[in-house]
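What follows is the content of coords_7.pdb, which has PDB, C-alpha atoms:
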```
ATOM      1  CA  MET H   1     100.302 133.235 103.087  1.00  0.00           C
ATOM      2  CA  SER H   2      99.980 132.457  99.375  1.00  0.00           C
ATOM      3  CA  VAL H   3      98.237 129.473  97.793  1.00  0.00           C
ATOM      4  CA  ILE H   4     101.629 127.893  97.134  1.00  0.00           C
ATOM      5  CA  SER H   5     102.919 128.334 100.669  1.00  0.00           C
ATOM      6  CA  TYR H   6      99.637 127.092 102.119  1.00  0.00           C
ATOM      7  CA  LEU H   7      99.744 123.916 100.037  1.00  0.00           C
ATOM      8  CA  GLU H   8     103.387 123.362 100.899  1.00  0.00           C
ATOM      9  CA  ALA H   9     102.545 123.661 104.608  1.00  0.00           C
ATOM     10  CA  ARG H  10      99.673 121.189 104.280  1.00  0.00           C
ATOM     11  CA  ALA H  11     101.896 118.776 102.346  1.00  0.00           C
ATOM     12  CA  SER H  12     104.472 118.919 105.143  1.00  0.00           C
ATOM     13  CA  ALA H  13     101.750 118.237 107.706  1.00  0.00           C
ATOM     14  CA  ALA H  14     100.729 115.166 105.683  1.00  0.00           C
ATOM     15  CA  VAL H  15     104.047 113.430 106.395  1.00  0.00           C
ATOM     16  CA  LEU H  16     104.143 110.887 109.216  1.00  0.00           C
ATOM     17  CA  SER H  17     105.722 112.319 112.349  1.00  0.00           C
ATOM     18  CA  THR H  18     108.820 110.776 113.883  1.00  0.00           C
ATOM     19  CA  THR H  19     106.699 109.550 116.790  1.00  0.00           C
ATOM     20  CA  GLU H  20     104.147 107.923 114.499  1.00  0.00           C
ATOM     21  CA  GLU H  21     106.887 106.312 112.394  1.00  0.00           C
ATOM     22  CA  SER H  22     108.548 104.995 115.546  1.00  0.00           C
ATOM     23  CA  SER H  23     105.292 103.470 116.820  1.00  0.00           C
ATOM     24  CA  ILE H  24     104.662 101.826 113.465  1.00  0.00           C
ATOM     25  CA  ASN H  25     108.189 100.413 113.289  1.00  0.00           C
ATOM     26  CA  THR H  26     107.845  99.019 116.814  1.00  0.00           C
ATOM     27  CA  SER H  27     104.550  97.352 115.916  1.00  0.00           C
ATOM     28  CA  ILE H  28     106.053  95.891 112.728  1.00  0.00           C
ATOM     29  CA  SER H  29     109.008  94.496 114.653  1.00  0.00           C
ATOM     30  CA  THR H  30     106.635  92.911 117.166  1.00  0.00           C
ATOM     31  CA  ILE H  31     104.291  91.437 114.585  1.00  0.00           C
ATOM     32  CA  LYS H  32     107.239  90.059 112.607  1.00  0.00           C
ATOM     33  CA  SER H  33     108.587  88.292 115.679  1.00  0.00           C
ATOM     34  CA  ARG H  34     105.181  86.924 116.634  1.00  0.00           C
ATOM     35  CA  LEU H  35     104.453  85.643 113.128  1.00  0.00           C
ATOM     36  CA  ALA H  36     107.805  83.862 113.060  1.00  0.00           C
ATOM     37  CA  SER H  37     107.163  82.335 116.466  1.00  0.00           C
ATOM     38  CA  TYR H  38     103.608  81.256 115.630  1.00  0.00           C
ATOM     39  CA  PHE H  39     104.166  79.816 112.144  1.00  0.00           C
ATOM     40  CA  GLY H  40     107.847  78.858 112.257  1.00  0.00           C
ATOM     41  CA  THR H  41     108.939  77.218 109.000  1.00  0.00           C
ATOM     42  CA  GLY H  42     105.376  77.582 107.725  1.00  0.00           C
ATOM     43  CA  LEU H  43     106.410  81.011 106.446  1.00  0.00           C
ATOM     44  CA  SER H  44     108.997  81.702 103.764  1.00  0.00           C
ATOM     45  CA  GLU H  45     108.806  85.518 103.868  1.00  0.00           C
ATOM     46  CA  GLN H  46     107.046  88.419 105.493  1.00  0.00           C
ATOM     47  CA  PHE H  47     107.391  92.073 104.584  1.00  0.00           C
ATOM     48  CA  ARG H  48     105.760  95.482 104.504  1.00  0.00           C
ATOM     49  CA  PHE H  49     104.485  96.840 101.192  1.00  0.00           C
ATOM     50  CA  GLY H  50     102.122  99.467  99.810  1.00  0.00           C
ATOM     51  CA  SER H  51     101.942 103.207 100.456  1.00  0.00           C
ATOM     52  CA  SER H  52     103.854 102.996 103.737  1.00  0.00           C
ATOM     53  CA  THR H  53     106.940 101.894 101.773  1.00  0.00           C
ATOM     54  CA  ARG H  54     106.465 104.684  99.215  1.00  0.00           C
ATOM     55  CA  GLY H  55     106.234 107.574 101.676  1.00  0.00           C
ATOM     56  CA  THR H  56     102.643 108.349 100.697  1.00  0.00           C
ATOM     57  CA  THR H  57     100.802 107.101 103.783  1.00  0.00           C
ATOM     58  CA  LEU H  58      98.845 109.838 105.544  1.00  0.00           C
ATOM     59  CA  PRO H  59      99.006 110.412 109.309  1.00  0.00           C
ATOM     60  CA  ARG H  60      96.037 109.083 111.246  1.00  0.00           C
ATOM     61  CA  SER H  61      95.038 112.694 111.949  1.00  0.00           C
ATOM     62  CA  MET H  62      94.358 113.063 108.210  1.00  0.00           C
ATOM     63  CA  ASP H  63      93.101 109.551 107.487  1.00  0.00           C
ATOM     64  CA  GLU H  64      91.623 107.484 110.284  1.00  0.00           C
ATOM     65  CA  HIS H  65      91.692 104.456 107.984  1.00  0.00           C
ATOM     66  CA  SER H  66      95.407 104.764 107.261  1.00  0.00           C
ATOM     67  CA  ASP H  67      96.953 101.308 107.335  1.00  0.00           C
ATOM     68  CA  ILE H  68     100.077  99.225 106.884  1.00  0.00           C
ATOM     69  CA  ASP H  69      99.991  96.533 104.203  1.00  0.00           C
ATOM     70  CA  TYR H  70     101.928  93.499 105.374  1.00  0.00           C
ATOM     71  CA  MET H  71     102.465  90.408 103.232  1.00  0.00           C
ATOM     72  CA  VAL H  72     102.728  87.016 104.918  1.00  0.00           C
ATOM     73  CA  VAL H  73     104.137  84.435 102.489  1.00  0.00           C
ATOM     74  CA  PHE H  74     103.333  80.836 103.361  1.00  0.00           C
ATOM     75  CA  SER H  75     105.753  78.022 102.508  1.00  0.00           C
ATOM     76  CA  GLU H  76     103.148  75.405 101.681  1.00  0.00           C
ATOM     77  CA  GLY H  77     100.756  75.842  98.765  1.00  0.00           C
ATOM     78  CA  GLY H  78      97.822  73.805  97.576  1.00  0.00           C
ATOM     79  CA  TYR H  79      95.010  75.322  99.615  1.00  0.00           C
ATOM     80  CA  THR H  80      92.308  77.901  98.997  1.00  0.00           C
ATOM     81  CA  PRO H  81      92.922  81.535  99.991  1.00  0.00           C
ATOM     82  CA  GLN H  82      90.367  81.164 102.783  1.00  0.00           C
ATOM     83  CA  THR H  83      92.560  78.530 104.433  1.00  0.00           C
ATOM     84  CA  TYR H  84      95.431  80.989 104.766  1.00  0.00           C
ATOM     85  CA  LEU H  85      93.132  83.842 105.793  1.00  0.00           C
ATOM     86  CA  ASP H  86      91.783  81.608 108.572  1.00  0.00           C
ATOM     87  CA  ARG H  87      95.322  80.860 109.704  1.00  0.00           C
ATOM     88  CA  LEU H  88      96.144  84.566 109.921  1.00  0.00           C
ATOM     89  CA  LYS H  89      92.919  85.265 111.767  1.00  0.00           C
ATOM     90  CA  ARG H  90      93.753  82.610 114.361  1.00  0.00           C
ATOM     91  CA  PHE H  91      97.234  84.101 114.718  1.00  0.00           C
ATOM     92  CA  ALA H  92      95.786  87.578 115.313  1.00  0.00           C
ATOM     93  CA  GLU H  93      93.295  86.248 117.852  1.00  0.00           C
ATOM     94  CA  ALA H  94      96.085  84.453 119.697  1.00  0.00           C
ATOM     95  CA  TYR H  95      98.299  87.531 120.102  1.00  0.00           C
ATOM     96  CA  TYR H  96      95.879  90.454 119.834  1.00  0.00           C
ATOM     97  CA  ALA H  97      92.723  89.184 121.523  1.00  0.00           C
ATOM     98  CA  SER H  98      91.730  92.635 122.778  1.00  0.00           C
ATOM     99  CA  SER H  99      92.073  94.256 119.330  1.00  0.00           C
ATOM    100  CA  ASP H 100      89.494  94.545 116.564  1.00  0.00           C
ATOM    101  CA  ILE H 101      90.111  91.724 114.061  1.00  0.00           C
ATOM    102  CA  LYS H 102      88.146  91.072 110.889  1.00  0.00           C
ATOM    103  CA  GLN H 103      88.516  89.584 107.432  1.00  0.00           C
ATOM    104  CA  SER H 104      88.419  91.956 104.474  1.00  0.00           C
ATOM    105  CA  SER H 105      89.629  90.030 101.433  1.00  0.00           C
ATOM    106  CA  PRO H 106      92.425  89.814 100.479  1.00  0.00           C
ATOM    107  CA  SER H 107      93.506  90.444 104.049  1.00  0.00           C
ATOM    108  CA  VAL H 108      92.919  90.049 107.744  1.00  0.00           C
ATOM    109  CA  VAL H 109      92.563  93.508 109.272  1.00  0.00           C
ATOM    110  CA  LEU H 110      94.132  94.041 112.673  1.00  0.00           C
ATOM    111  CA  GLN H 111      93.222  97.360 114.315  1.00  0.00           C
ATOM    112  CA  LEU H 112      95.724  98.533 116.911  1.00  0.00           C
ATOM    113  CA  ASN H 113      95.537 101.765 118.891  1.00  0.00           C
ATOM    114  CA  HIS H 114      97.750 103.797 116.590  1.00  0.00           C
ATOM    115  CA  ILE H 115      97.608 101.952 113.272  1.00  0.00           C
ATOM    116  CA  LYS H 116      95.717  99.338 111.286  1.00  0.00           C
ATOM    117  CA  PHE H 117      97.473  96.334 109.737  1.00  0.00           C
ATOM    118  CA  ASP H 118      96.242  94.583 106.608  1.00  0.00           C
ATOM    119  CA  LEU H 119      97.773  91.115 106.852  1.00  0.00           C
ATOM    120  CA  VAL H 120      97.766  89.666 103.335  1.00  0.00           C
ATOM    121  CA  PRO H 121      98.449  85.931 102.923  1.00  0.00           C
ATOM    122  CA  ALA H 122     100.493  85.041  99.861  1.00  0.00           C
ATOM    123  CA  LEU H 123     102.248  82.259  98.010  1.00  0.00           C
ATOM    124  CA  LYS H 124     105.524  82.727  96.157  1.00  0.00           C
ATOM    125  CA  GLN H 125     105.412  82.237  92.391  1.00  0.00           C
ATOM    126  CA  GLN H 126     107.983  79.900  90.857  1.00  0.00           C
ATOM    127  CA  TRP H 127     109.914  82.577  88.950  1.00  0.00           C
ATOM    128  CA  SER H 128     108.827  85.951  90.254  1.00  0.00           C
ATOM    129  CA  GLY H 129     105.958  87.659  92.013  1.00  0.00           C
ATOM    130  CA  TYR H 130     103.331  86.359  94.381  1.00  0.00           C
ATOM    131  CA  ARG H 131      99.764  85.125  94.485  1.00  0.00           C
ATOM    132  CA  ILE H 132      97.302  86.759  96.865  1.00  0.00           C
ATOM    133  CA  PRO H 133      93.594  86.113  97.496  1.00  0.00           C
ATOM    134  CA  ASN H 134      91.015  87.263  94.990  1.00  0.00           C
ATOM    135  CA  GLY H 135      88.064  86.367  97.148  1.00  0.00           C
ATOM    136  CA  PRO H 136      87.954  83.261  99.377  1.00  0.00           C
ATOM    137  CA  ASN H 137      88.481  80.701  96.609  1.00  0.00           C
ATOM    138  CA  ALA H 138      90.596  82.299  93.856  1.00  0.00           C
ATOM    139  CA  TRP H 139      94.087  83.733  93.523  1.00  0.00           C
ATOM    140  CA  GLN H 140      95.508  86.738  91.677  1.00  0.00           C
ATOM    141  CA  ASP H 141      99.087  87.531  90.690  1.00  0.00           C
ATOM    142  CA  THR H 142     100.906  90.542  92.087  1.00  0.00           C
ATOM    143  CA  ASN H 143     104.334  92.149  92.350  1.00  0.00           C
ATOM    144  CA  PRO H 144     103.637  94.260  95.435  1.00  0.00           C
ATOM    145  CA  ASN H 145     106.531  96.686  95.332  1.00  0.00           C
ATOM    146  CA  ASP H 146     106.962  97.135  91.559  1.00  0.00           C
ATOM    147  CA  PHE H 147     105.127 100.448  91.658  1.00  0.00           C
ATOM    148  CA  ASN H 148     107.590 101.848  94.201  1.00  0.00           C
ATOM    149  CA  ALA H 149     110.379 102.170  91.644  1.00  0.00           C
ATOM    150  CA  THR H 150     108.034 103.817  89.136  1.00  0.00           C
ATOM    151  CA  LEU H 151     106.861 106.381  91.692  1.00  0.00           C
ATOM    152  CA  THR H 152     110.410 107.093  92.878  1.00  0.00           C
ATOM    153  CA  ALA H 153     111.622 107.707  89.333  1.00  0.00           C
ATOM    154  CA  LYS H 154     108.675 109.986  88.573  1.00  0.00           C
ATOM    155  CA  ASN H 155     109.189 111.902  91.809  1.00  0.00           C
ATOM    156  CA  MET H 156     112.850 112.532  90.970  1.00  0.00           C
ATOM    157  CA  ALA H 157     112.051 113.536  87.393  1.00  0.00           C
ATOM    158  CA  GLU H 158     109.464 116.037  88.641  1.00  0.00           C
ATOM    159  CA  LEU H 159     111.821 117.661  91.169  1.00  0.00           C
ATOM    160  CA  TYR H 160     110.283 115.823  94.119  1.00  0.00           C
ATOM    161  CA  LYS H 161     106.821 117.305  93.671  1.00  0.00           C
ATOM    162  CA  ILE H 162     104.992 114.017  93.079  1.00  0.00           C
ATOM    163  CA  LYS H 163     104.930 112.637  96.624  1.00  0.00           C
ATOM    164  CA  PRO H 164     103.674 115.908  98.169  1.00  0.00           C
ATOM    165  CA  THR H 165     101.059 116.095  95.419  1.00  0.00           C
ATOM    166  CA  ILE H 166      99.940 112.543  96.110  1.00  0.00           C
ATOM    167  CA  ARG H 167      99.624 113.199  99.826  1.00  0.00           C
ATOM    168  CA  LEU H 168      97.523 116.318  99.288  1.00  0.00           C
ATOM    169  CA  VAL H 169      95.208 114.692  96.754  1.00  0.00           C
ATOM    170  CA  LYS H 170      94.858 111.596  98.928  1.00  0.00           C
ATOM    171  CA  TYR H 171      93.865 113.871 101.816  1.00  0.00           C
ATOM    172  CA  TRP H 172      91.216 115.493  99.622  1.00  0.00           C
ATOM    173  CA  ASN H 173      90.032 112.013  98.632  1.00  0.00           C
ATOM    174  CA  THR H 174      89.855 110.876 102.249  1.00  0.00           C
ATOM    175  CA  TYR H 175      88.193 114.063 103.478  1.00  0.00           C
ATOM    176  CA  ASN H 176      85.441 113.665 100.874  1.00  0.00           C
ATOM    177  CA  GLY H 177      84.542 110.065 101.563  1.00  0.00           C
ATOM    178  CA  TYR H 178      87.037 108.045  99.486  1.00  0.00           C
ATOM    179  CA  ILE H 179      85.895 108.912  95.995  1.00  0.00           C
ATOM    180  CA  TYR H 180      88.738 106.893  94.498  1.00  0.00           C
ATOM    181  CA  ASP H 181      90.644 103.795  95.519  1.00  0.00           C
ATOM    182  CA  SER H 182      93.812 105.135  97.135  1.00  0.00           C
ATOM    183  CA  TYR H 183      96.264 102.951  95.213  1.00  0.00           C
ATOM    184  CA  LEU H 184      94.614 103.611  91.852  1.00  0.00           C
ATOM    185  CA  LEU H 185      94.667 107.337  92.623  1.00  0.00           C
ATOM    186  CA  GLU H 186      98.427 107.176  93.179  1.00  0.00           C
ATOM    187  CA  LYS H 187      98.896 105.316  89.890  1.00  0.00           C
ATOM    188  CA  TYR H 188      96.774 107.897  88.073  1.00  0.00           C
ATOM    189  CA  ILE H 189      98.891 110.769  89.425  1.00  0.00           C
ATOM    190  CA  VAL H 190     102.171 109.072  88.523  1.00  0.00           C
ATOM    191  CA  GLY H 191     100.883 108.503  84.993  1.00  0.00           C
ATOM    192  CA  LEU H 192     100.051 112.171  84.369  1.00  0.00           C
ATOM    193  CA  SER H 193     102.118 114.623  82.345  1.00  0.00           C
ATOM    194  CA  PHE H 194     103.153 117.742  84.270  1.00  0.00           C
ATOM    195  CA  TYR H 195     105.022 119.450  81.429  1.00  0.00           C
ATOM    196  CA  SER H 196     103.865 122.971  82.367  1.00  0.00           C
ATOM    197  CA  ALA H 197     103.931 122.563  86.157  1.00  0.00           C
ATOM    198  CA  ILE H 198     106.463 124.610  88.104  1.00  0.00           C
ATOM    199  CA  ASN H 199     105.370 124.590  91.747  1.00  0.00           C
ATOM    200  CA  LEU H 200     103.234 122.424  94.034  1.00  0.00           C
ATOM    201  CA  ARG H 201     100.132 124.455  93.212  1.00  0.00           C
ATOM    202  CA  ASP H 202     100.557 123.654  89.526  1.00  0.00           C
ATOM    203  CA  TYR H 203     101.030 119.961  90.227  1.00  0.00           C
ATOM    204  CA  VAL H 204      97.983 119.679  92.472  1.00  0.00           C
ATOM    205  CA  PHE H 205      95.758 121.648  90.100  1.00  0.00           C
ATOM    206  CA  THR H 206      96.914 119.530  87.145  1.00  0.00           C
ATOM    207  CA  VAL H 207      95.671 116.456  88.988  1.00  0.00           C
ATOM    208  CA  PHE H 208      92.250 117.984  89.611  1.00  0.00           C
ATOM    209  CA  ASP H 209      92.013 119.199  86.020  1.00  0.00           C
ATOM    210  CA  GLY H 210      92.149 115.615  84.822  1.00  0.00           C
ATOM    211  CA  LEU H 211      89.940 113.869  87.368  1.00  0.00           C
ATOM    212  CA  SER H 212      86.924 112.049  85.977  1.00  0.00           C
ATOM    213  CA  LEU H 213      84.632 109.108  86.672  1.00  0.00           C
ATOM    214  CA  SER H 214      82.794 106.625  84.507  1.00  0.00           C
ATOM    215  CA  TYR H 215      79.092 107.224  83.875  1.00  0.00           C
ATOM    216  CA  ASP H 216      77.993 104.436  86.228  1.00  0.00           C
ATOM    217  CA  GLN H 217      79.645 105.916  89.326  1.00  0.00           C
ATOM    218  CA  PRO H 218      77.441 107.329  92.127  1.00  0.00           C
ATOM    219  CA  GLN H 219      76.327 110.931  91.712  1.00  0.00           C
ATOM    220  CA  TRP H 220      77.794 112.022  95.051  1.00  0.00           C
ATOM    221  CA  ARG H 221      81.266 111.192  93.788  1.00  0.00           C
ATOM    222  CA  LYS H 222      80.732 113.152  90.590  1.00  0.00           C
ATOM    223  CA  ASP H 223      79.457 116.091  92.650  1.00  0.00           C
ATOM    224  CA  GLN H 224      82.615 116.123  94.765  1.00  0.00           C
ATOM    225  CA  ILE H 225      84.801 116.157  91.661  1.00  0.00           C
ATOM    226  CA  ASP H 226      82.756 118.986  90.115  1.00  0.00           C
ATOM    227  CA  ARG H 227      83.087 120.941  93.359  1.00  0.00           C
ATOM    228  CA  ALA H 228      86.867 120.454  93.366  1.00  0.00           C
ATOM    229  CA  LYS H 229      87.157 121.644  89.766  1.00  0.00           C
ATOM    230  CA  ASP H 230      85.013 124.708  90.561  1.00  0.00           C
ATOM    231  CA  ILE H 231      87.278 125.589  93.485  1.00  0.00           C
ATOM    232  CA  VAL H 232      90.393 125.290  91.321  1.00  0.00           C
ATOM    233  CA  ALA H 233      88.797 127.539  88.699  1.00  0.00           C
ATOM    234  CA  LYS H 234      87.935 130.165  91.341  1.00  0.00           C
ATOM    235  CA  VAL H 235      91.449 130.088  92.791  1.00  0.00           C
ATOM    236  CA  ARG H 236      92.904 130.722  89.361  1.00  0.00           C
ATOM    237  CA  GLN H 237      90.470 133.561  88.765  1.00  0.00           C
ATOM    238  CA  TYR H 238      91.298 135.208  92.092  1.00  0.00           C
ATOM    239  CA  GLU H 239      94.990 134.949  91.266  1.00  0.00           C
ATOM    240  CA  ARG H 240      94.442 136.550  87.843  1.00  0.00           C
ATOM    241  CA  ASP H 241      92.522 139.334  89.594  1.00  0.00           C
ATOM    242  CA  GLU H 242      95.439 139.768  92.021  1.00  0.00           C
ATOM    243  CA  MET H 243      93.365 138.794  95.040  1.00  0.00           C
ATOM    244  CA  PRO H 244      95.768 136.457  96.906  1.00  0.00           C
ATOM    245  CA  ALA H 245      93.840 136.461 100.185  1.00  0.00           C
ATOM    246  CA  SER H 246      90.653 135.357  98.428  1.00  0.00           C
ATOM    247  CA  ALA H 247      92.600 132.722  96.496  1.00  0.00           C
ATOM    248  CA  GLU H 248      94.020 131.318  99.713  1.00  0.00           C
ATOM    249  CA  MET H 249      90.591 131.231 101.388  1.00  0.00           C
ATOM    250  CA  GLU H 250      89.225 129.386  98.372  1.00  0.00           C
ATOM    251  CA  VAL H 251      91.980 126.762  98.219  1.00  0.00           C
ATOM    252  CA  LYS H 252      91.323 125.948 101.882  1.00  0.00           C
ATOM    253  CA  LYS H 253      87.939 124.609 100.755  1.00  0.00           C
ATOM    254  CA  LEU H 254      89.822 122.115  98.601  1.00  0.00           C
ATOM    255  CA  ILE H 255      92.562 121.139 101.056  1.00  0.00           C
ATOM    256  CA  PRO H 256      91.256 122.016 104.544  1.00  0.00           C
ATOM    257  CA  GLY H 257      93.624 123.215 107.230  1.00  0.00           C
TER     258      GLY H 257
END
```
As structure tokens - that is how I would like this structure written.
Amino acid sequence: MSVISYLEARASAAVLSTTEESSINTSISTIKSRLASYFGTGLSEQFRFGSSTRGTTLPRSMDEHSDIDYMVVFSEGGYTPQTYLDRLKRFAEAYYASSDIKQSSPSVVLQLNHIKFDLVPALKQQWSGYRIPNGPNAWQDTNPNDFNATLTAKNMAELYKIKPTIRLVKYWNTYNGYIYDSYLLEKYIVGLSFYSAINLRDYVFTVFDGLSLSYDQPQWRKDQIDRAKDIVAKVRQYERDEMPASAEMEVKKLIPG
């Protein structure tokens, strides 16, 4: 197996299985029905957003903290974010008493057996977009699915190599202790230029070539990035020396099997 074929196999393994997708969809259908029953006209909208709508969510086998972002839009404004977070927490306790439930602003986290839900309270803006909590007492503006169109366009322009690249790099990020925020990592990858990239190996290595951190970040994170760059350099050297088996063994240190 070559470096390219190995990475392609790992990228395929990083896609949610049909069974996992089915379980998630069932849970979403249930939570949607229960929210509607519990809040009634108190809600104006509810919908899924985030990486699970972009096809970049990792299976739980690759990321035990993989979650579903779910926006719950309340009809009535005028209260602090904490008020709406408390309402969602009471809802979760009413229907999921045996599950792990906690607040993690801007959301209420509901841990089910097969997936974690981040329930995000929101208010609809007058013209467009939403407001979500920025701590217990302040709001921030957001357009939750705007990035989806940007990623989709980039993926098409790059011959559908962007989503597999994102999944592989997110797996590396997860495996090494969440060096980067997952969403910001996706945005960074989409913003890169891949003008000389041909195959998945080129795309993945281009991402690692450009990774950096600000000076005030913890040393352990910088060490993990340096290690990744060293591995990429060794893989390239093995390939130049026509040592494909050694190159494959080395890349497995970057993206474990």
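Distance annotation: of H:Ser214, H:Gln219, H:Asn199, H:Asn148, the residue with the minimal separation from Ser5 of chain H is H:Asn199; atom set is only C-alpha atoms.
Running the PyMOL selection byres ((chain H and resi 114-117) around 10) on this file leaves H:Glu20, H:Ser23, H:Ile24, H:Ser27, H:Ile28, H:Ile31, H:Arg48, H:Pro59, H:Arg60, H:Glu64, H:His65, H:Ser66, H:Asp67, H:Ile68, H:Asp69, H:Tyr70, H:Asp100, H:Ile101, H:Ser107, H:Val108, H:Val109, H:Leu110, H:Gln111, H:Leu112, H:Asn113, H:Asp118, H:Leu119, H:Val120 selected.
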With all atoms listed in the file counted and 12 Å as the cut-off, give the residues of segment 191-224 of chain H in contact with segment 238-254 of chain H, each with its shortest interatomic distance in Å and the pair that gives it, as a Markdown table.
```
| residue | atom | partner | partner_atom | distance |
| --- | --- | --- | --- | --- |
| H:Arg201 | CA | H:Val251 | CA | 9.8 |
| H:Val204 | CA | H:Leu254 | CA | 10.5 |
| H:Phe205 | CA | H:Val251 | CA | 10.3 |
| H:Phe208 | CA | H:Leu254 | CA | 10.2 |
| H:Gln224 | CA | H:Leu254 | CA | 10.1 |
```
C-alpha atoms of the current selection, written as a PDB file, in the coordinates of the input:
```pdb
ATOM      1  CA  ARG H 201     100.132 124.455  93.212  1.00  0.00           C
ATOM      2  CA  VAL H 204      97.983 119.679  92.472  1.00  0.00           C
ATOM      3  CA  PHE H 205      95.758 121.648  90.100  1.00  0.00           C
ATOM      4  CA  PHE H 208      92.250 117.984  89.611  1.00  0.00           C
ATOM      5  CA  GLN H 224      82.615 116.123  94.765  1.00  0.00           C
TER       6      GLN H 224
END
```
task = Run the PyMOL selection byres ((chain H and resi 152-164) around 12) mentally over the shown coordinates, then write out the matched residues as a PyMOL selection string, using the chain letters and numbers from the document.
result = chain H and resi 7-15+51+53-58+145-151+165-171+186-204+206-207
task = Expand the PyMOL selection byres ((chain H and resi 128) around 12) into the individual residues it matches in the shown file, reporting them as a VMD selection string.
result = chain H and resid 123 to 127 129 to 131 141 to 144 146
Ile225 of chain H surroundings by all atoms listed in the file, 10 Å radius, close-in-sequence under 2 positions cut, as number ranges by chain = H: 173, 176, 179, 208-209, 211-213, 219-223, 227-231
Since we have the selection now, will you write its residues out, keeping C-alpha atoms, as a CSV table (one decimal), in the coordinates of the input?
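This went into again26.csv:
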```csv
chain,number,residue,atom,x,y,z
H,173,ASN,CA,90.0,112.0,98.6
H,176,ASN,CA,85.4,113.7,100.9
H,179,ILE,CA,85.9,108.9,96.0
H,208,PHE,CA,92.2,118.0,89.6
H,209,ASP,CA,92.0,119.2,86.0
H,211,LEU,CA,89.9,113.9,87.4
H,212,SER,CA,86.9,112.0,86.0
H,213,LEU,CA,84.6,109.1,86.7
H,219,GLN,CA,76.3,110.9,91.7
H,220,TRP,CA,77.8,112.0,95.1
H,221,ARG,CA,81.3,111.2,93.8
H,222,LYS,CA,80.7,113.2,90.6
H,223,ASP,CA,79.5,116.1,92.6
H,227,ARG,CA,83.1,120.9,93.4
H,228,ALA,CA,86.9,120.5,93.4
H,229,LYS,CA,87.2,121.6,89.8
H,230,ASP,CA,85.0,124.7,90.6
H,231,ILE,CA,87.3,125.6,93.5
```
Atom CA of Gln82 of chain H to atom CA of Asn137 of chain H, distance in Å rounded to a single decimal = 6.5 Å
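Between Ser61 of chain H and the candidates H:Val235, H:Ala138, H:Leu16, H:Val73, the tightest atom-to-atom separation, counting all atoms listed in the file, involves H:Leu16.
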Emit as lines of an AutoDock Vina configuration file the padded axis-aligned box for all listed atoms of segment 241-255 of chain H, 3 Å per side, with centre and edge lengths in Å to one decimal.
```
center_x = 91.9
center_y = 130.5
center_z = 95.7
size_x = 13.8
size_y = 24.6
size_z = 18.3
```
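Counting from atom CA of Tyr79 of chain H, the distance to atom CA of Pro106 of chain H is 14.7 Å.
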message = Using only C-alpha atoms - which residues lie no farther than 12 Å from the point (103.1, 81.2, 104.8) in the file's frame? Write them as a PyMOL selection string.
response = chain H and resi 35-36+38-47+71-79+81+83-88+91+119-124+130-132
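Across the model, the gap from atom CA of Ala92 of chain H to atom CA of Thr26 of chain H is 16.7 Å.
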